[in-house]
Amino acid sequence: MSKIMFPSDAWVKQLEVELNRSEAYAEAGKNWEGDFYFVIDPDKDNPQQESTYLYMDLWHGKCRAAYAVHDKSEKNPAFVMSGTYSKWKRVVTAQLDPLQGLMTGQLKLKGNMVMVMKNVKAAQEMVKACTRIDAEFSA
Amino acid sequence: MNGYTGKLLFIHLNTGEIHTEELNRAYAAAYLGGSGLAARYIYDWIDASTDPLGPENPLVFMNGPLDAAGAPVSGRFAVCARSPQTGLWGEAIAGNFFGPELKFAGYDGIVIRGKANAPCYLHITPDGVELRDAKHLRGMTTYETGDAIRAELNDPGLVTACIGPAGENLIKFALILTSSARAGAKKGIAGRCGMGAVMGSKNLKAIAVRGSKHPLQHKVQLHDPERFRQAMLAAQRFLSDDMATEVLRAVGSSGAMDFYGLLGDVPTKYWTQGTFDYEKISGNLMAETILTGRATCHACMVACGRRVERAGEYVLPHAEGPEFETLAGFGPLILNDDLNLAAYIGSQCDALGLDSITTSSTIAFAYYLRELDILPRSELNGGDLVWGDGHAALKLVQDIAHRREFGEILAHGSRDLGARYGVEGMAVQISGMEVAMHDPRAAAGMAVTYATSPIGGSHNQSDFFMVETSGRPIDELGIETMDRFQSSGKAAAIARHQDWRTVNNASVTCYFPNPPAHDICEMLAAATGYDISTQNILTYGERIWNLKRALNLKLDYHARCAEKLPELILRPLEDGGTEGHVPDFENMMREYYAFRDWDWETGKPSRAKLESLGMSEIVRDVWDE
């Protein structure tokens, strides 16, 4: 099976598959309500010229939809989490805990902070799901 | 004297004499302010024969060079003395508005000596200082005392620092609480080391301070106002965009309960269990249920203070809600998952004047000893201690403050409780100070941080767990993140972090907002005119850290006896986020001593180290020359 390029529509769809087959994520995220934009901004390690928007609709331990968005105005999600390509690469390879990334300013978040802080275990399970994707990185 | 008012206020309670002295410029230049400057003064005044609760033990309130200047991380003060809890150097740092208000009144600090014949309180304004009768305030809570003083002086603008019944009853872990009537003001808790007991031993119930009604008249002169303004704006810009600021504002310090719980960082069932429903006792649940608002200290951009009018059936005094340490202590530590009750117990600690960390830890130790049947039920006056029963803890809090029934036993702290039953080693304390609510099995650096703290097992000398668990490095100062379970190779980062937090405690700045160190150094330099930068700021911290070590040696500190981790913390936990890890304590300590250039056998800083820090006068004492 060929590797899946990060970030891409295929990658986020594979994440949807991994999340929906994860019992651990289903349990940890059972109280989560809210959709996301994950915004991957270009940096020196990334050949892209524009930010990538990955949309995920997360609801009570399941992912109801996931795809890349070309026009960011297409959705108005409850949460927007953004960072540079190199920071996201560290997150999805489990080298940077997403909460640590937020607390140290490596990632930014807009949305209900209470909901996020209540669901740190769900975030950790999501990272584990990311690591199960055989991903390819441009740098 | 730029950055300072240049005046210290001296109160002699034996005679009622009040006078001012010029601030020692050399001391300020070397030790900055807050607990650093207070330590340098107190070093000259006490020795091993000083009774912590005797009239000869000076109680010093000290603000810092950034207080009242508008710096977004400032607004705190230190209160210091020889600690009745540990017998060592004692300091507690607190917020609210007391420090800046004292500066607006014209003073960098207050030195209180002697003992009054009858309860009294101190009233300070720019127009004068007076001692007033406080017999009618006896027995009042901290909050009631402050409110009563504001009412009787008809001055709602007064900021008060008060003791409660615990301080009056000389409970050796009594606190001092600062409060003000202004809307949105957060309480200030000078909690650790029993400074409230020292205040009580002097028959001093409260200090009420009012700065000038025309602050510009008493504006503190800054060395370079424009440089200060630029640094302050840079810090404000950083903090306004900082996620940590947003998190603390949204959910308070206890919002991290779920996260720390996952990591095994929250001591549970008196340090013997690794799992618990932490979300039931967290600031996140508080935000969704009982939180009614947020509160701040002077010039704060964070607003970590929690306003809670009611917690279920309980009404909280001054609507002051709990922070992380209190919820951890009256939650997981005793297996209580009732957030409302834990919040209320914490509020009673504040009102009665008890440090919630030592109080909850001592009570939890009693639960543990009861479970092991080491503590017989016959001691408990018909009651019992069962894990999860928060109501029993609430009763013990009230009994400790009033020295009633079994509370009289607990009023001596966990070390004495363990000694009473021949199991002193089981008590989770260092030098008589109960260890704070962050587990070294989850963040190994805290083992050394706790063991070498000059005040005993405190996280207020370095919150290194933030570096290890939250990944918050300070690259500018050579403080890098490492795997949280790693033991070897951390000594330099730990020592640097202690030195940095020592600067915070001297300057007197808060640990929660963390603008770049460069901005804080710039503000300090611009305020004072001192040559301060990120290149040399840690030398200030190291100097003060070594001074406190020298002072403790003067107070008969025996490092090899004192610097031990409690045995429960060295037992691996089978469940939870610590994953069976324990710190390699002995090797970490030897690495630390080598980095500090301290002598392993005696605990003394080397002559060369002290000389390099410009402490020649201290060298003579330390090395008996």
# chains A, B, ... in the order shown; residues from 1 in each chain; ligands from 1
>>> residues_around(residues="B:Ile537", least_positions_apart="4", cutoff="8 Å", atoms="only C-alpha atoms", output="ChimeraX atom specification")
/B:500,503,521,532-533,541
>>> residues_around(residues="B:Gln221", least_positions_apart="5", cutoff="8 Å", atoms="only C-alpha atoms", output="PDB file with C-alpha atoms, in the first residue's frame")
ATOM      1  CA  MET B   1      16.181  55.451  43.839  1.00  0.00           C
ATOM      2  CA  ASN B   2      14.664  54.301  40.556  1.00  0.00           C
ATOM      3  CA  GLY B   3      12.186  51.445  40.761  1.00  0.00           C
ATOM      4  CA  TYR B   4      11.902  51.775  44.526  1.00  0.00           C
ATOM      5  CA  THR B   5      10.391  54.243  46.956  1.00  0.00           C
ATOM      6  CA  ALA B 527      12.875  50.413  36.070  1.00  0.00           C
TER       7      ALA B 527
END
>>> residues_around(residues="B:Ser74", least_positions_apart="5", cutoff="7 Å", atoms="only C-alpha atoms", output="compact mmCIF listing (two decimals) with C-alpha atoms, in the first residue's frame")
# COMPACT_ATOMS: atom_id res chain seq x y z
CA LEU B 66 8.12 46.24 39.15
CA ASP B 67 5.25 46.65 41.61
CA ALA B 299 -2.09 44.75 36.40
CA VAL B 508 8.03 40.06 42.49
CA THR B 509 6.43 38.57 39.35
CA CYS B 510 3.86 35.85 38.81
>>> residues_around(residues="stretch 401-412 of chain B", least_positions_apart="3", cutoff="10 Å", atoms="only C-alpha atoms", output="PyMOL selection string")
chain B and resi 85+139+164-174+348-349+352-354+358-359+362-363+365-366+379-381+395-398+415-417+420+432
>>> interface_residues(of="chain B", to="chain A", cutoff="9 Å", atoms="only C-alpha atoms", output="ChimeraX atom specification")
/B:241-247,250-251,255-259,262,279,282-285,287-288,469-473
>>> write_last_selection(atoms="C-alpha atoms", output="PDB file, in the first residue's frame")
ATOM      1  CA  ASP B 241      -1.749  36.208  22.025  1.00  0.00           C
ATOM      2  CA  ASP B 242      -0.521  33.498  24.411  1.00  0.00           C
ATOM      3  CA  MET B 243      -2.587  30.326  24.641  1.00  0.00           C
ATOM      4  CA  ALA B 244      -1.542  29.753  28.259  1.00  0.00           C
ATOM      5  CA  THR B 245      -3.103  33.101  29.132  1.00  0.00           C
ATOM      6  CA  GLU B 246      -6.301  32.074  27.405  1.00  0.00           C
ATOM      7  CA  VAL B 247      -6.396  28.668  29.093  1.00  0.00           C
ATOM      8  CA  ALA B 250     -10.998  30.172  30.749  1.00  0.00           C
ATOM      9  CA  VAL B 251     -10.520  27.350  33.224  1.00  0.00           C
ATOM     10  CA  GLY B 255      -8.307  23.400  34.337  1.00  0.00           C
ATOM     11  CA  ALA B 256      -5.142  21.376  33.905  1.00  0.00           C
ATOM     12  CA  MET B 257      -6.442  18.744  36.339  1.00  0.00           C
ATOM     13  CA  ASP B 258      -7.585  16.376  33.566  1.00  0.00           C
ATOM     14  CA  PHE B 259      -4.282  16.713  31.714  1.00  0.00           C
ATOM     15  CA  LEU B 262      -3.587  11.615  32.651  1.00  0.00           C
ATOM     16  CA  GLU B 279     -12.568  15.457  35.433  1.00  0.00           C
ATOM     17  CA  SER B 282     -11.385  19.977  37.668  1.00  0.00           C
ATOM     18  CA  GLY B 283     -11.539  23.611  36.713  1.00  0.00           C
ATOM     19  CA  ASN B 284     -13.195  22.574  33.482  1.00  0.00           C
ATOM     20  CA  LEU B 285     -16.213  21.218  35.301  1.00  0.00           C
ATOM     21  CA  ALA B 287     -16.279  26.507  34.473  1.00  0.00           C
ATOM     22  CA  GLU B 288     -19.372  24.674  33.266  1.00  0.00           C
ATOM     23  CA  THR B 469       4.878  18.103  31.388  1.00  0.00           C
ATOM     24  CA  SER B 470       3.707  21.154  29.502  1.00  0.00           C
ATOM     25  CA  GLY B 471       6.824  21.437  27.394  1.00  0.00           C
ATOM     26  CA  ARG B 472       7.435  25.048  28.278  1.00  0.00           C
ATOM     27  CA  PRO B 473      11.165  25.658  27.711  1.00  0.00           C
TER      28      PRO B 473
END
>>> select_by_dssp(residues="chain A", states="alpha helix (DSSP H)", output="ChimeraX atom specification")
/A:9-20,23-28,85-92,98-103,113-118,120-131
>>> write_last_selection(atoms="C-alpha atoms", output="JSON list (two decimals), in the first residue's frame")
[["chain", "number", "residue", "atom", "x", "y", "z"],
["A", 9, "ASP", "CA", -7.61, 15.05, 1.45],
["A", 10, "ALA", "CA", -6.56, 11.40, 1.37],
["A", 11, "TRP", "CA", -4.68, 11.72, 4.65],
["A", 12, "VAL", "CA", -7.56, 13.25, 6.57],
["A", 13, "LYS", "CA", -9.99, 10.68, 5.13],
["A", 14, "GLN", "CA", -7.67, 7.94, 6.35],
["A", 15, "LEU", "CA", -7.64, 9.59, 9.76],
["A", 16, "GLU", "CA", -11.43, 9.40, 9.73],
["A", 17, "VAL", "CA", -11.17, 5.67, 9.12],
["A", 18, "GLU", "CA", -8.62, 5.23, 11.91],
["A", 19, "LEU", "CA", -10.69, 7.21, 14.40],
["A", 20, "ASN", "CA", -13.89, 5.35, 13.64],
["A", 23, "GLU", "CA", -12.48, 1.98, 20.59],
["A", 24, "ALA", "CA", -10.09, 4.04, 22.68],
["A", 25, "TYR", "CA", -10.99, 7.21, 20.77],
["A", 26, "ALA", "CA", -14.69, 6.39, 20.95],
["A", 27, "GLU", "CA", -14.43, 6.22, 24.74],
["A", 28, "ALA", "CA", -12.12, 9.21, 25.22],
["A", 85, "TYR", "CA", 3.80, 22.44, 8.61],
["A", 86, "SER", "CA", 6.84, 21.46, 10.66],
["A", 87, "LYS", "CA", 4.90, 21.75, 13.93],
["A", 88, "TRP", "CA", 2.01, 19.68, 12.58],
["A", 89, "LYS", "CA", 4.44, 17.08, 11.34],
["A", 90, "ARG", "CA", 5.74, 16.74, 14.91],
["A", 91, "VAL", "CA", 2.17, 16.41, 16.21],
["A", 92, "VAL", "CA", 1.03, 13.72, 13.80],
["A", 98, "PRO", "CA", -1.00, 18.88, 20.94],
["A", 99, "LEU", "CA", -1.73, 20.42, 24.34],
["A", 100, "GLN", "CA", 1.96, 21.09, 24.85],
["A", 101, "GLY", "CA", 1.97, 22.63, 21.38],
["A", 102, "LEU", "CA", -0.86, 24.95, 22.39],
["A", 103, "MET", "CA", 0.62, 25.88, 25.76],
["A", 113, "MET", "CA", -11.19, 26.27, 25.71],
["A", 114, "VAL", "CA", -13.19, 24.47, 28.37],
["A", 115, "MET", "CA", -14.22, 21.79, 25.87],
["A", 116, "VAL", "CA", -10.62, 21.35, 24.77],
["A", 117, "MET", "CA", -9.20, 21.07, 28.29],
["A", 118, "LYS", "CA", -11.87, 18.53, 29.20],
["A", 120, "VAL", "CA", -7.17, 16.06, 26.42],
["A", 121, "LYS", "CA", -7.36, 12.26, 26.38],
["A", 122, "ALA", "CA", -9.38, 12.39, 23.17],
["A", 123, "ALA", "CA", -6.64, 14.55, 21.66],
["A", 124, "GLN", "CA", -4.04, 12.00, 22.67],
["A", 125, "GLU", "CA", -6.05, 9.16, 21.12],
["A", 126, "MET", "CA", -6.38, 11.21, 17.96],
["A", 127, "VAL", "CA", -2.61, 11.56, 17.79],
["A", 128, "LYS", "CA", -2.27, 7.80, 18.21],
["A", 129, "ALA", "CA", -4.65, 7.38, 15.29],
["A", 130, "CYS", "CA", -2.48, 9.74, 13.24],
["A", 131, "THR", "CA", 0.58, 7.63, 13.90]]
>>> residues_around(residues="B:Leu158", least_positions_apart="6", cutoff="10 Å", atoms="only C-alpha atoms", output="ChimeraX atom specification")
/B:97-98,101,123-125,146-147,149-151,179-182,207-211
>>> select_by_dssp(residues="chain A", states="strand (DSSP E or B)", output="ChimeraX atom specification")
/A:4-6,33-41,52-59,62-69,79-84,107-110,135-137
>>> atom_distance(atom1="atom CA of B:Leu291", atom2="atom CA of B:Arg306")
6.7 Å
>>> residues_around(residues="A:Phe38", least_positions_apart="2", cutoff="10 Å", atoms="only C-alpha atoms", output="ChimeraX atom specification")
/A:7,12,35-36,40-41,52-56,68,79-83,88,109
>>> closest_residue(among="B:Phe276, B:Tyr511, B:Tyr31, B:Tyr421", to="B:Glu542", atoms="only C-alpha atoms")
B:Tyr31
>>> residues_around(residues="A:Gly34", least_positions_apart="6", cutoff="9 Å", atoms="only C-alpha atoms", output="VMD selection string")
chain A and resid 56 to 60 77 to 79
>>> write_last_selection(atoms="N, CA and C atoms", output="short mmCIF file (atom, residue, chain, number, x, y, z; two decimals), in the first residue's frame")
data_model
loop_
_atom_site.label_atom_id
_atom_site.label_comp_id
_atom_site.auth_asym_id
_atom_site.auth_seq_id
_atom_site.Cartn_x
_atom_site.Cartn_y
_atom_site.Cartn_z
N MET A 56 -12.77 18.42 9.87
CA MET A 56 -13.22 17.19 10.53
C MET A 56 -14.44 17.50 11.39
N ASP A 57 -15.47 16.70 11.21
CA ASP A 57 -16.68 16.82 12.02
C ASP A 57 -16.64 15.72 13.07
N LEU A 58 -16.29 16.09 14.30
CA LEU A 58 -16.12 15.13 15.39
C LEU A 58 -17.31 15.24 16.33
N TRP A 59 -17.88 14.08 16.65
CA TRP A 59 -19.12 14.11 17.42
C TRP A 59 -19.24 12.85 18.28
N HIS A 60 -19.13 13.03 19.56
CA HIS A 60 -19.34 11.93 20.52
C HIS A 60 -18.55 10.68 20.17
N PRO A 77 -16.35 26.25 11.35
CA PRO A 77 -16.31 25.25 12.42
C PRO A 77 -16.20 25.88 13.80
N ALA A 78 -16.52 25.08 14.81
CA ALA A 78 -16.46 25.56 16.20
C ALA A 78 -15.03 25.77 16.66
N PHE A 79 -14.11 25.01 16.08
CA PHE A 79 -12.71 25.10 16.51
C PHE A 79 -11.80 25.26 15.29
#
>>> closest_residue(among="B:Ala134, B:Ile46, B:Ala231, B:Leu341", to="B:Asn552", atoms="only C-alpha atoms")
B:Ile46
>>> decode(residues="stretch 463-478 of chain B", atoms="N, CA and C atoms", output="PDB file, in the first residue's frame")
ATOM      1  N   ASP B 463       8.580  25.698  39.428  1.00  0.00           N
ATOM      2  CA  ASP B 463       7.519  24.835  38.886  1.00  0.00           C
ATOM      3  C   ASP B 463       8.094  24.099  37.670  1.00  0.00           C
ATOM      4  N   PHE B 464       9.157  23.350  37.916  1.00  0.00           N
ATOM      5  CA  PHE B 464       9.848  22.684  36.808  1.00  0.00           C
ATOM      6  C   PHE B 464       8.947  21.673  36.100  1.00  0.00           C
ATOM      7  N   PHE B 465       7.899  21.221  36.781  1.00  0.00           N
ATOM      8  CA  PHE B 465       6.965  20.300  36.119  1.00  0.00           C
ATOM      9  C   PHE B 465       6.361  20.943  34.871  1.00  0.00           C
ATOM     10  N   MET B 466       6.279  22.275  34.858  1.00  0.00           N
ATOM     11  CA  MET B 466       5.749  22.936  33.669  1.00  0.00           C
ATOM     12  C   MET B 466       6.684  22.749  32.479  1.00  0.00           C
ATOM     13  N   VAL B 467       7.968  22.703  32.739  1.00  0.00           N
ATOM     14  CA  VAL B 467       8.935  22.444  31.670  1.00  0.00           C
ATOM     15  C   VAL B 467       8.795  21.003  31.195  1.00  0.00           C
ATOM     16  N   GLU B 468       8.604  20.105  32.159  1.00  0.00           N
ATOM     17  CA  GLU B 468       8.613  18.680  31.825  1.00  0.00           C
ATOM     18  C   GLU B 468       7.287  18.180  31.256  1.00  0.00           C
ATOM     19  N   THR B 469       6.164  18.645  31.830  1.00  0.00           N
ATOM     20  CA  THR B 469       4.878  18.103  31.388  1.00  0.00           C
ATOM     21  C   THR B 469       4.184  18.977  30.355  1.00  0.00           C
ATOM     22  N   SER B 470       4.373  20.263  30.457  1.00  0.00           N
ATOM     23  CA  SER B 470       3.707  21.154  29.502  1.00  0.00           C
ATOM     24  C   SER B 470       4.651  21.616  28.410  1.00  0.00           C
ATOM     25  N   GLY B 471       5.884  21.141  28.471  1.00  0.00           N
ATOM     26  CA  GLY B 471       6.824  21.437  27.394  1.00  0.00           C
ATOM     27  C   GLY B 471       7.116  22.908  27.236  1.00  0.00           C
ATOM     28  N   ARG B 472       7.217  23.606  28.363  1.00  0.00           N
ATOM     29  CA  ARG B 472       7.435  25.048  28.278  1.00  0.00           C
ATOM     30  C   ARG B 472       8.916  25.361  28.538  1.00  0.00           C
ATOM     31  N   PRO B 473       9.751  25.343  27.517  1.00  0.00           N
ATOM     32  CA  PRO B 473      11.165  25.658  27.711  1.00  0.00           C
ATOM     33  C   PRO B 473      11.367  27.166  27.827  1.00  0.00           C
ATOM     34  N   ILE B 474      12.510  27.562  28.328  1.00  0.00           N
ATOM     35  CA  ILE B 474      12.891  28.980  28.295  1.00  0.00           C
ATOM     36  C   ILE B 474      14.248  29.021  27.607  1.00  0.00           C
ATOM     37  N   ASP B 475      14.190  29.007  26.281  1.00  0.00           N
ATOM     38  CA  ASP B 475      15.409  28.862  25.484  1.00  0.00           C
ATOM     39  C   ASP B 475      16.416  29.966  25.769  1.00  0.00           C
ATOM     40  N   GLU B 476      15.896  31.172  26.000  1.00  0.00           N
ATOM     41  CA  GLU B 476      16.795  32.314  26.233  1.00  0.00           C
ATOM     42  C   GLU B 476      17.704  32.100  27.435  1.00  0.00           C
ATOM     43  N   LEU B 477      17.256  31.257  28.367  1.00  0.00           N
ATOM     44  CA  LEU B 477      18.002  31.065  29.608  1.00  0.00           C
ATOM     45  C   LEU B 477      18.630  29.677  29.691  1.00  0.00           C
ATOM     46  N   GLY B 478      18.631  28.955  28.593  1.00  0.00           N
ATOM     47  CA  GLY B 478      19.246  27.627  28.578  1.00  0.00           C
ATOM     48  C   GLY B 478      18.441  26.578  29.321  1.00  0.00           C
TER      49      GLY B 478
END
